[in-house]
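Coordinates as given in protein-v7.csv (CSV, C-alpha atoms):
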chain,number,residue,atom,x,y,z
A,1,MET,CA,0.0,0.0,0.0
A,2,PRO,CA,1.4,3.4,-0.9
A,3,ALA,CA,2.2,6.0,1.8
A,4,GLN,CA,-1.1,7.8,2.4
A,5,ALA,CA,-1.4,11.5,3.3
A,6,LEU,CA,-3.5,11.9,6.4
A,7,SER,CA,-5.2,15.1,7.3
A,8,LEU,CA,-8.1,16.1,9.6
A,9,ASP,CA,-10.2,19.2,9.6
A,10,LYS,CA,-11.9,20.5,12.7
A,11,ALA,CA,-15.2,18.7,12.1
A,12,GLN,CA,-13.4,15.4,11.6
A,13,GLU,CA,-11.3,16.0,14.7
A,14,ASP,CA,-14.5,16.7,16.7
A,15,ALA,CA,-16.2,13.6,15.4
A,16,LEU,CA,-13.2,11.4,16.5
A,17,GLN,CA,-13.2,13.1,19.8
A,18,GLU,CA,-16.9,12.5,20.4
A,19,LEU,CA,-16.6,8.9,19.3
A,20,CYS,CA,-13.9,8.4,21.9
A,21,ASN,CA,-15.9,10.3,24.4
A,22,ILE,CA,-18.8,7.9,24.1
A,23,GLY,CA,-16.5,4.9,24.0
A,24,MET,CA,-14.7,6.1,27.2
A,25,GLY,CA,-18.1,6.5,28.9
A,26,HIS,CA,-18.8,2.8,28.4
A,27,ALA,CA,-15.2,1.7,29.0
A,28,THR,CA,-15.0,3.5,32.4
A,29,SER,CA,-18.3,2.3,33.6
A,30,ALA,CA,-17.2,-1.3,32.8
A,31,LEU,CA,-14.1,-0.6,34.8
A,32,ALA,CA,-16.1,1.0,37.6
A,33,GLN,CA,-18.3,-2.2,37.9
A,34,LEU,CA,-15.1,-4.3,38.2
A,35,MET,CA,-13.6,-2.1,40.8
A,36,GLY,CA,-16.6,-0.9,42.7
A,37,LYS,CA,-15.4,2.7,42.4
A,38,THR,CA,-16.4,5.7,40.2
A,39,ILE,CA,-14.0,6.2,37.4
A,40,TYR,CA,-13.7,9.6,35.8
A,41,PHE,CA,-12.1,10.5,32.5
A,42,ASP,CA,-10.8,13.7,30.9
A,43,ILE,CA,-12.0,14.9,27.5
A,44,PRO,CA,-10.2,12.8,24.9
A,45,LYS,CA,-7.5,14.4,22.8
A,46,VAL,CA,-7.1,13.8,19.1
A,47,ASN,CA,-3.6,14.2,17.7
A,48,LEU,CA,-2.5,13.8,14.1
A,49,VAL,CA,1.3,13.4,14.5
A,50,GLN,CA,4.4,12.1,12.8
A,51,ILE,CA,5.3,8.6,13.9
A,52,SER,CA,8.6,9.9,15.3
A,53,ARG,CA,6.6,12.2,17.7
A,54,VAL,CA,4.3,9.5,19.2
A,55,PRO,CA,6.6,8.8,22.2
A,56,GLU,CA,6.4,12.5,23.1
A,57,VAL,CA,2.6,12.5,22.7
A,58,ILE,CA,2.4,9.4,24.9
A,59,GLY,CA,4.4,11.4,27.5
A,60,ASN,CA,6.3,10.0,30.4
A,61,ALA,CA,8.1,8.1,27.7
A,62,GLU,CA,11.0,7.3,30.0
A,63,GLN,CA,9.0,5.8,32.9
A,64,THR,CA,8.5,2.1,33.3
A,65,VAL,CA,4.8,1.4,33.0
A,66,VAL,CA,2.5,-1.5,32.5
A,67,GLY,CA,1.1,-1.6,28.9
A,68,ILE,CA,-1.9,-3.7,27.8
A,69,TYR,CA,-2.2,-3.9,24.1
A,70,LEU,CA,-4.9,-5.3,21.8
A,71,ARG,CA,-5.5,-5.2,18.1
A,72,PHE,CA,-9.0,-4.9,16.7
A,73,SER,CA,-10.0,-5.8,13.1
A,74,GLY,CA,-13.0,-6.0,10.9
A,75,PRO,CA,-14.1,-3.4,8.3
A,76,ILE,CA,-11.7,-1.1,10.3
A,77,SER,CA,-8.7,-2.1,12.2
A,78,GLY,CA,-6.3,-0.5,14.7
A,79,ASN,CA,-4.6,-0.7,18.1
A,80,ILE,CA,-5.7,-0.1,21.6
A,81,LEU,CA,-3.1,0.5,24.4
A,82,LEU,CA,-3.8,0.9,28.1
A,83,VAL,CA,-1.0,2.4,30.1
A,84,PHE,CA,-0.8,2.2,33.9
A,85,PRO,CA,2.0,3.8,36.0
A,86,LYS,CA,3.5,1.5,38.6
A,87,LYS,CA,1.7,3.0,41.6
A,88,SER,CA,-1.6,2.6,39.8
A,89,VAL,CA,-0.9,-1.0,39.1
A,90,LEU,CA,-0.4,-1.7,42.9
A,91,LEU,CA,-3.7,0.1,43.7
A,92,LEU,CA,-5.5,-1.7,41.0
A,93,LYS,CA,-4.4,-5.0,42.3
A,94,GLN,CA,-5.3,-4.0,45.9
A,95,ILE,CA,-8.8,-2.9,44.9
A,96,ILE,CA,-9.6,-5.9,42.7
A,97,THR,CA,-8.0,-8.7,44.8
A,98,GLY,CA,-7.8,-7.2,48.3
A,99,ASP,CA,-4.1,-8.1,48.3
A,100,ASN,CA,-2.3,-5.2,50.0
A,101,SER,CA,1.3,-6.1,49.5
A,102,ARG,CA,3.4,-3.3,48.2
A,103,LYS,CA,5.4,-5.5,45.8
A,104,LEU,CA,5.0,-5.5,42.1
A,105,VAL,CA,4.9,-9.1,40.9
A,106,PHE,CA,4.2,-10.0,37.3
A,107,ASP,CA,3.5,-13.7,37.6
A,108,GLU,CA,0.9,-15.4,35.5
A,109,TYR,CA,-1.9,-14.6,37.9
A,110,HIS,CA,-1.2,-10.8,38.0
A,111,THR,CA,-0.5,-10.4,34.3
A,112,SER,CA,-3.7,-12.3,33.6
A,113,LEU,CA,-5.6,-10.0,36.0
A,114,LEU,CA,-4.3,-6.9,34.3
A,115,LYS,CA,-4.8,-8.3,30.8
A,116,GLU,CA,-8.5,-9.0,31.8
A,117,VAL,CA,-8.8,-5.3,32.9
A,118,GLY,CA,-7.6,-4.4,29.4
A,119,ASN,CA,-10.0,-6.9,27.8
A,120,ILE,CA,-13.0,-5.4,29.7
A,121,VAL,CA,-12.1,-1.8,29.0
A,122,ALA,CA,-11.3,-2.4,25.3
A,123,GLY,CA,-14.4,-4.6,24.8
A,124,ALA,CA,-16.7,-2.0,26.2
A,125,TYR,CA,-15.1,0.7,24.1
A,126,LEU,CA,-15.2,-1.4,20.9
A,127,SER,CA,-18.9,-2.4,21.4
A,128,VAL,CA,-19.7,1.4,21.3
A,129,MET,CA,-17.7,1.7,18.1
A,130,GLU,CA,-19.6,-1.2,16.6
A,131,ASP,CA,-23.0,0.4,17.5
A,132,LEU,CA,-22.0,3.9,16.3
A,133,LEU,CA,-20.2,2.8,13.1
A,134,LYS,CA,-22.7,0.0,12.4
A,135,MET,CA,-20.0,-2.6,11.9
A,136,GLN,CA,-18.7,-5.8,13.6
A,137,LEU,CA,-15.2,-5.7,15.1
A,138,VAL,CA,-13.1,-8.5,16.5
A,139,GLN,CA,-10.6,-7.9,19.3
A,140,SER,CA,-7.4,-9.8,19.7
A,141,VAL,CA,-6.3,-11.4,23.0
A,142,PRO,CA,-4.6,-8.8,25.2
A,143,TRP,CA,-0.8,-8.6,25.4
A,144,PHE,CA,1.2,-7.6,28.5
A,145,ALA,CA,4.3,-5.5,28.7
A,146,PHE,CA,6.2,-3.8,31.6
A,147,ASP,CA,8.9,-1.4,30.4
A,148,LEU,CA,9.5,2.2,29.2
A,149,ALA,CA,6.3,3.6,27.6
A,150,SER,CA,8.4,4.7,24.6
A,151,ALA,CA,9.7,1.1,24.1
A,152,ILE,CA,6.3,-0.5,24.6
A,153,ILE,CA,4.9,1.6,21.8
A,154,ASP,CA,7.5,0.4,19.3
A,155,PRO,CA,5.6,-2.7,18.0
A,156,ILE,CA,2.5,-0.6,17.5
A,157,LEU,CA,4.5,2.0,15.5
A,158,VAL,CA,5.9,-0.8,13.4
A,159,GLN,CA,2.3,-1.7,12.4
A,160,LEU,CA,1.5,1.9,11.6
A,161,GLY,CA,4.9,2.9,10.1
A,162,LYS,CA,4.6,0.4,7.3
A,163,ASP,CA,2.0,2.5,5.5
A,164,SER,CA,2.6,6.0,6.7
A,165,ASP,CA,4.9,8.5,8.4
A,166,HIS,CA,1.9,10.0,10.2
A,167,THR,CA,-0.7,8.5,12.6
A,168,VAL,CA,-3.8,9.5,14.5
A,169,VAL,CA,-3.4,9.1,18.3
A,170,ILE,CA,-6.6,9.4,20.4
A,171,GLU,CA,-5.9,9.5,24.1
A,172,ALA,CA,-8.0,9.8,27.2
A,173,GLU,CA,-6.8,9.7,30.8
A,174,PHE,CA,-9.1,8.0,33.4
A,175,PHE,CA,-8.8,8.1,37.1
A,176,VAL,CA,-10.4,7.5,40.5
A,177,ARG,CA,-11.0,10.6,42.4
A,178,GLU,CA,-10.5,9.3,46.0
A,179,GLU,CA,-7.2,7.6,45.1
A,180,ASP,CA,-5.3,10.3,43.3
A,181,LYS,CA,-2.5,7.9,42.4
A,182,LEU,CA,-4.8,5.5,40.5
A,183,LYS,CA,-4.9,6.6,36.9
A,184,GLY,CA,-4.4,5.2,33.5
A,185,LYS,CA,-4.3,6.2,29.9
A,186,PHE,CA,-6.3,4.8,27.0
A,187,TYR,CA,-4.9,5.1,23.5
A,188,LEU,CA,-6.6,4.4,20.3
A,189,LEU,CA,-4.3,4.3,17.2
A,190,PRO,CA,-6.4,3.4,14.2
A,191,ASP,CA,-4.6,1.9,11.2
A,192,THR,CA,-3.9,4.6,8.6
A,193,SER,CA,-6.3,3.1,6.0
A,194,SER,CA,-9.1,3.0,8.7
A,195,VAL,CA,-9.2,6.7,9.6
A,196,LYS,CA,-11.1,7.7,6.5
A,197,MET,CA,-13.4,4.7,6.9
A,198,ILE,CA,-14.3,5.7,10.5
A,199,LEU,CA,-15.0,9.3,9.3
A,200,ASN,CA,-17.1,8.0,6.4
A,201,ALA,CA,-19.1,5.8,8.7
A,202,VAL,CA,-20.1,8.9,10.8
A,203,GLY,CA,-20.9,10.8,7.6
A,204,LEU,CA,-17.8,13.0,7.3
B,1,MET,CA,27.0,21.1,29.6
B,2,LYS,CA,27.5,19.0,26.5
B,3,LYS,CA,25.0,19.6,23.7
B,4,VAL,CA,22.9,16.5,23.5
B,5,LEU,CA,21.2,15.8,20.2
B,6,ARG,CA,18.1,13.7,20.4
B,7,VAL,CA,17.4,11.2,17.7
B,8,ARG,CA,13.7,10.3,17.4
B,9,ILE,CA,12.2,7.2,15.6
B,10,SER,CA,13.0,7.2,11.9
B,11,GLU,CA,15.2,10.3,12.3
B,12,HIS,CA,19.0,10.6,12.2
B,13,ASN,CA,21.6,13.2,13.3
B,14,LEU,CA,25.3,13.9,13.2
B,15,ALA,CA,27.5,15.0,16.1
B,16,ARG,CA,31.0,16.3,16.6
B,17,GLU,CA,33.4,15.9,19.5
B,18,SER,CA,31.7,18.4,21.9
B,19,GLU,CA,28.2,16.9,21.3
B,20,ARG,CA,26.4,13.7,22.2
B,21,LEU,CA,23.8,11.7,20.4
B,22,GLN,CA,20.8,10.2,22.3
B,23,SER,CA,18.0,7.8,21.5
B,24,TYR,CA,15.3,7.3,24.2
B,25,GLY,CA,13.3,4.2,24.9
B,26,LEU,CA,14.4,1.8,22.2
B,27,GLY,CA,12.1,-1.2,22.1
B,28,SER,CA,12.1,-3.2,18.9
B,29,CYS,CA,13.8,-0.3,17.2
B,30,VAL,CA,17.5,-0.4,16.6
B,31,ALA,CA,19.9,2.6,17.1
B,32,LEU,CA,22.8,2.5,14.7
B,33,VAL,CA,25.9,4.6,15.2
B,34,LEU,CA,28.6,5.1,12.6
B,35,TRP,CA,31.8,6.7,13.8
B,36,ASP,CA,35.0,8.0,12.4
B,37,PRO,CA,37.6,7.7,15.2
B,38,HIS,CA,40.0,10.1,13.4
B,39,GLU,CA,37.6,12.9,12.8
B,40,LYS,CA,35.7,12.2,16.0
B,41,ILE,CA,32.4,12.6,14.2
B,42,GLY,CA,29.5,10.2,14.8
B,43,ALA,CA,26.1,9.7,13.2
B,44,MET,CA,23.0,8.0,14.7
B,45,ALA,CA,19.9,6.5,13.1
B,46,HIS,CA,16.8,5.4,15.0
B,47,ILE,CA,15.6,2.5,12.8
B,48,LEU,CA,11.9,1.3,13.0
B,49,LEU,CA,11.7,-1.3,10.2
B,50,PRO,CA,14.1,-3.7,8.3
B,51,SER,CA,13.0,-2.4,4.9
B,52,ALA,CA,10.3,-0.6,3.1
B,53,SER,CA,7.3,-2.8,2.4
B,54,ASN,CA,6.8,-1.3,-1.0
B,55,SER,CA,10.0,-2.0,-2.9
B,56,GLY,CA,9.1,0.6,-5.6
B,57,VAL,CA,9.5,3.3,-3.0
B,58,ARG,CA,13.1,4.2,-2.5
B,59,HIS,CA,13.2,6.1,0.7
B,60,LYS,CA,16.5,7.7,1.6
B,61,SER,CA,15.4,7.3,5.2
B,62,ALA,CA,16.7,6.5,8.7
B,63,LYS,CA,13.3,4.6,9.2
B,64,TYR,CA,14.6,1.5,7.4
B,65,ALA,CA,17.8,-0.5,8.2
B,66,SER,CA,18.3,-1.0,4.4
B,67,SER,CA,18.6,2.7,3.8
B,68,ALA,CA,19.9,4.0,7.1
B,69,VAL,CA,23.5,2.7,6.6
B,70,ASN,CA,23.8,4.4,3.3
B,71,LEU,CA,22.2,7.6,4.6
B,72,LEU,CA,24.7,7.8,7.5
B,73,VAL,CA,27.7,7.0,5.3
B,74,ASP,CA,26.7,9.8,2.9
B,75,GLU,CA,26.2,12.3,5.7
B,76,LEU,CA,29.5,11.5,7.3
B,77,VAL,CA,31.4,11.7,4.0
B,78,LEU,CA,29.8,15.1,3.4
B,79,ALA,CA,31.1,16.1,6.9
B,80,GLY,CA,34.7,15.1,5.9
B,81,CYS,CA,34.9,11.5,7.1
B,82,ARG,CA,36.5,8.7,5.1
B,83,PRO,CA,34.2,5.7,4.4
B,84,GLN,CA,37.0,3.2,5.1
B,85,ARG,CA,37.5,4.6,8.6
B,86,LEU,CA,33.9,4.2,9.7
B,87,VAL,CA,33.0,1.7,12.4
B,88,ALA,CA,29.6,0.8,13.8
B,89,LYS,CA,27.9,0.1,17.1
B,90,ILE,CA,24.2,-0.9,17.5
B,91,ALA,CA,21.7,-1.3,20.3
B,92,GLY,CA,18.0,-2.2,20.7
B,93,GLY,CA,15.9,-4.8,18.9
B,94,ALA,CA,14.2,-6.1,22.0
B,95,THR,CA,11.0,-8.1,22.4
B,96,MET,CA,8.6,-5.8,24.2
B,97,PHE,CA,5.6,-8.2,24.8
B,98,PRO,CA,7.7,-11.3,25.8
B,99,HIS,CA,6.6,-14.8,26.4
B,100,ARG,CA,7.2,-14.6,30.2
B,101,PHE,CA,4.3,-12.1,30.4
B,102,ASN,CA,2.2,-13.8,27.7
B,103,VAL,CA,2.3,-17.5,28.6
B,104,ALA,CA,1.0,-20.1,26.3
B,105,ARG,CA,0.9,-17.7,23.4
B,106,LYS,CA,3.2,-16.7,20.6
B,107,GLU,CA,5.2,-13.7,21.5
B,108,LEU,CA,4.1,-10.5,19.9
B,109,GLY,CA,6.5,-8.7,17.6
B,110,ALA,CA,9.3,-10.9,18.6
B,111,ASN,CA,10.4,-11.1,15.0
B,112,ILE,CA,10.6,-7.4,14.3
B,113,GLY,CA,13.4,-6.8,16.8
B,114,ARG,CA,15.4,-9.7,15.5
B,115,ARG,CA,14.7,-8.8,11.9
B,116,ASN,CA,15.8,-5.2,12.5
B,117,ILE,CA,19.1,-6.4,14.0
B,118,ARG,CA,19.7,-8.8,11.1
B,119,ALA,CA,18.9,-6.2,8.5
B,120,VAL,CA,21.3,-3.7,10.1
B,121,ARG,CA,24.1,-6.3,10.3
B,122,GLN,CA,23.6,-7.2,6.6
B,123,ALA,CA,23.6,-3.6,5.5
B,124,LEU,CA,26.8,-3.0,7.4
B,125,ALA,CA,28.4,-6.1,5.9
B,126,ARG,CA,27.4,-4.9,2.4
B,127,LYS,CA,29.2,-1.6,3.0
B,128,ARG,CA,32.2,-3.5,4.6
B,129,ILE,CA,31.8,-1.5,7.8
B,130,LYS,CA,33.0,-3.3,10.9
B,131,LEU,CA,30.5,-3.8,13.7
B,132,LEU,CA,32.6,-3.0,16.8
B,133,ALA,CA,30.1,-3.7,19.5
B,134,GLU,CA,26.4,-4.3,20.1
B,135,GLU,CA,23.9,-4.5,22.9
B,136,VAL,CA,20.9,-6.0,21.3
B,137,GLY,CA,17.9,-8.4,21.7
B,138,GLY,CA,16.5,-9.6,25.0
B,139,GLU,CA,13.3,-8.3,26.5
B,140,ILE,CA,14.2,-4.9,27.8
B,141,GLY,CA,13.9,-1.3,26.7
B,142,ARG,CA,17.1,0.7,26.3
B,143,THR,CA,18.1,4.4,26.2
B,144,ILE,CA,21.5,5.1,24.7
B,145,GLU,CA,23.9,8.0,24.5
B,146,PHE,CA,26.9,8.1,22.1
B,147,ASN,CA,30.1,10.2,22.7
B,148,PRO,CA,31.9,10.9,19.4
B,149,ARG,CA,35.0,12.0,21.3
B,150,ASN,CA,35.9,8.5,22.5
B,151,GLY,CA,33.3,6.3,20.6
B,152,GLU,CA,31.6,5.1,23.8
B,153,MET,CA,28.0,4.2,23.8
B,154,ILE,CA,26.3,4.3,27.2
B,155,VAL,CA,23.4,1.9,27.2
B,156,SER,CA,20.9,2.4,30.1
B,157,LYS,CA,18.4,-0.5,30.4
B,158,SER,CA,14.9,0.1,31.8
B,159,ASN,CA,15.8,-2.1,34.9
B,160,GLY,CA,18.5,0.5,35.9
B,161,GLU,CA,21.5,-1.5,34.6
B,162,VAL,CA,24.0,0.6,32.7
B,163,ILE,CA,26.5,-0.9,30.2
B,164,ILE,CA,29.2,0.9,28.2
B,165,ILE,CA,30.1,-0.6,24.8
How would this structure read if it were set down as structure tokens?
Amino acid sequence: MPAQALSLDKAQEDALQELCNIGMGHATSALAQLMGKTIYFDIPKVNLVQISRVPEVIGNAEQTVVGIYLRFSGPISGNILLVFPKKSVLLLKQIITGDNSRKLVFDEYHTSLLKEVGNIVAGAYLSVMEDLLKMQLVQSVPWFAFDLASAIIDPILVQLGKDSDHTVVIEAEFFVREEDKLKGKFYLLPDTSSVKMILNAVGL
Amino acid sequence: MKKVLRVRISEHNLARESERLQSYGLGSCVALVLWDPHEKIGAMAHILLPSASNSGVRHKSAKYASSAVNLLVDELVLAGCRPQRLVAKIAGGATMFPHRFNVARKELGANIGRRNIRAVRQALARKRIKLLAEEVGGEIGRTIEFNPRNGEMIVSKSNGEVIII
């Protein structure tokens, strides 16, 4: 596929933002049910950036974080990445399992637990996309990583960088108000060829 | 304070004695450094992919291993270096979603790191450039800094370990 030029006007940016806004509403309520706490989220940001700038957009690129990654496919395809700072991972574990140890252990039990969080959040998000875009999507199994955020993002940029030097990054931060250390970030990076199809599906 | 030049994904840069070259958070990406020990000039490329998927497109780009070596050689020659003096060091090419975290499944993107490493080595061999040292593979992110004064590459792993090659 030839390198495609991507561009977004204001209306298209707004549409993607609103799509993510609704998706995040469902995703955070699914997470809230799992945790028994209210989850808030900030207004999603839509960025059209050069692939080389993605680590800067992701921010905290030099901190070790947990990353849960899923791909989705169907008429449109793309990548979902959830990023949790270390402290949030501990709190998440404490709330879900009641285990109060302060040690980060990534054995099979704990990685499965966090992957399931990713599964639930991404599943809720994608079901909204399916409804709004009137298409069926399939999500992959979730993948777990623990490393620098900028290193974790590499395999996703490999996917996107094959077709383009630019990509759309939609991000939204979610958090628990009582536990100011519990927060995470949700990223949606649609494949280059899918951006136009998403916009077409919402009539833009 | 030394001037530190940051090299982002699919970008490249050139540095002289008083400067440093840096690439942050290498995962499956490979950072390639070519260095002329006589001129004390180094060039770094932050490589994302082994080669362009569309062979019709001839990118002169640091994004691909296949073109990054040629690109750096050209830039160094323009800066007054001799091609026969150039030596190389590489770092990165890790597996970021490793088997130990994703049991009973195929690793994700395990191949891309290895393919990047192999493609860089092959491109260097084609140009008859000696690979002096490497810190590659594994399952860990790396940040590197290169000093053109002495040719040292400081590799800081995400677990806090620091190696000089």
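Nearest-residue note for A:His110: choosing from B:Leu5, B:Glu135, B:Phe101, B:Asn147, the minimum distance belongs to B:Phe101, counting only C-alpha atoms.
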Set the distance at 12 Å and use only C-alpha atoms: which residues neighbour B:Gly113 once local chain neighbours fewer than 2 positions away are removed? I'd like the list as number ranges by chain. A: 151, 154-155, 158; B: 26-31, 47-50, 65, 91-98, 107-111, 115-120, 136-141
note - atom CA of A:Gly74 and atom CA of A:Gly118 are separated by 19.3 Å
Measure the distance from atom CA of B:Phe146 to atom CA of B:Ser158 in Å and round it to one decimal. 17.4 Å
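Checking A:Gly184, A:Gly98, A:Gly59, A:Pro190 one by one against chain B, counting only C-alpha atoms, you find the shortest gap at A:Gly59.
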Using only C-alpha atoms and a cut-off of 10 Å, which residues of chain A sit close to chain B? Please list them as a VMD selection string. chain A and resid 1 to 3 50 to 56 61 to 64 67 to 69 106 to 108 110 to 112 115 141 to 159 161 to 163 165
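Contact shell of A:Gln136 at 12 Å (all atoms listed in the file; same-chain neighbours under 3 positions omitted): Phe72, Ser73, Gly74, Pro75, Ile76, Ser77, Leu126, Ser127, Val128, Met129, Glu130, Asp131, Leu132, Leu133 and Gln139 of chain A.
Rounded to one decimal, atom CA of A:Ile80 and atom CA of A:His26 lie 15.0 Å from each other.
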Which polymer residues, protein or nucleic acid, are no farther than 7 Å from (32.3, 8.3, 11.2), counting only C-alpha atoms, as a ChimeraX atom specification? /B:34-37,41-43,76,81,85-87
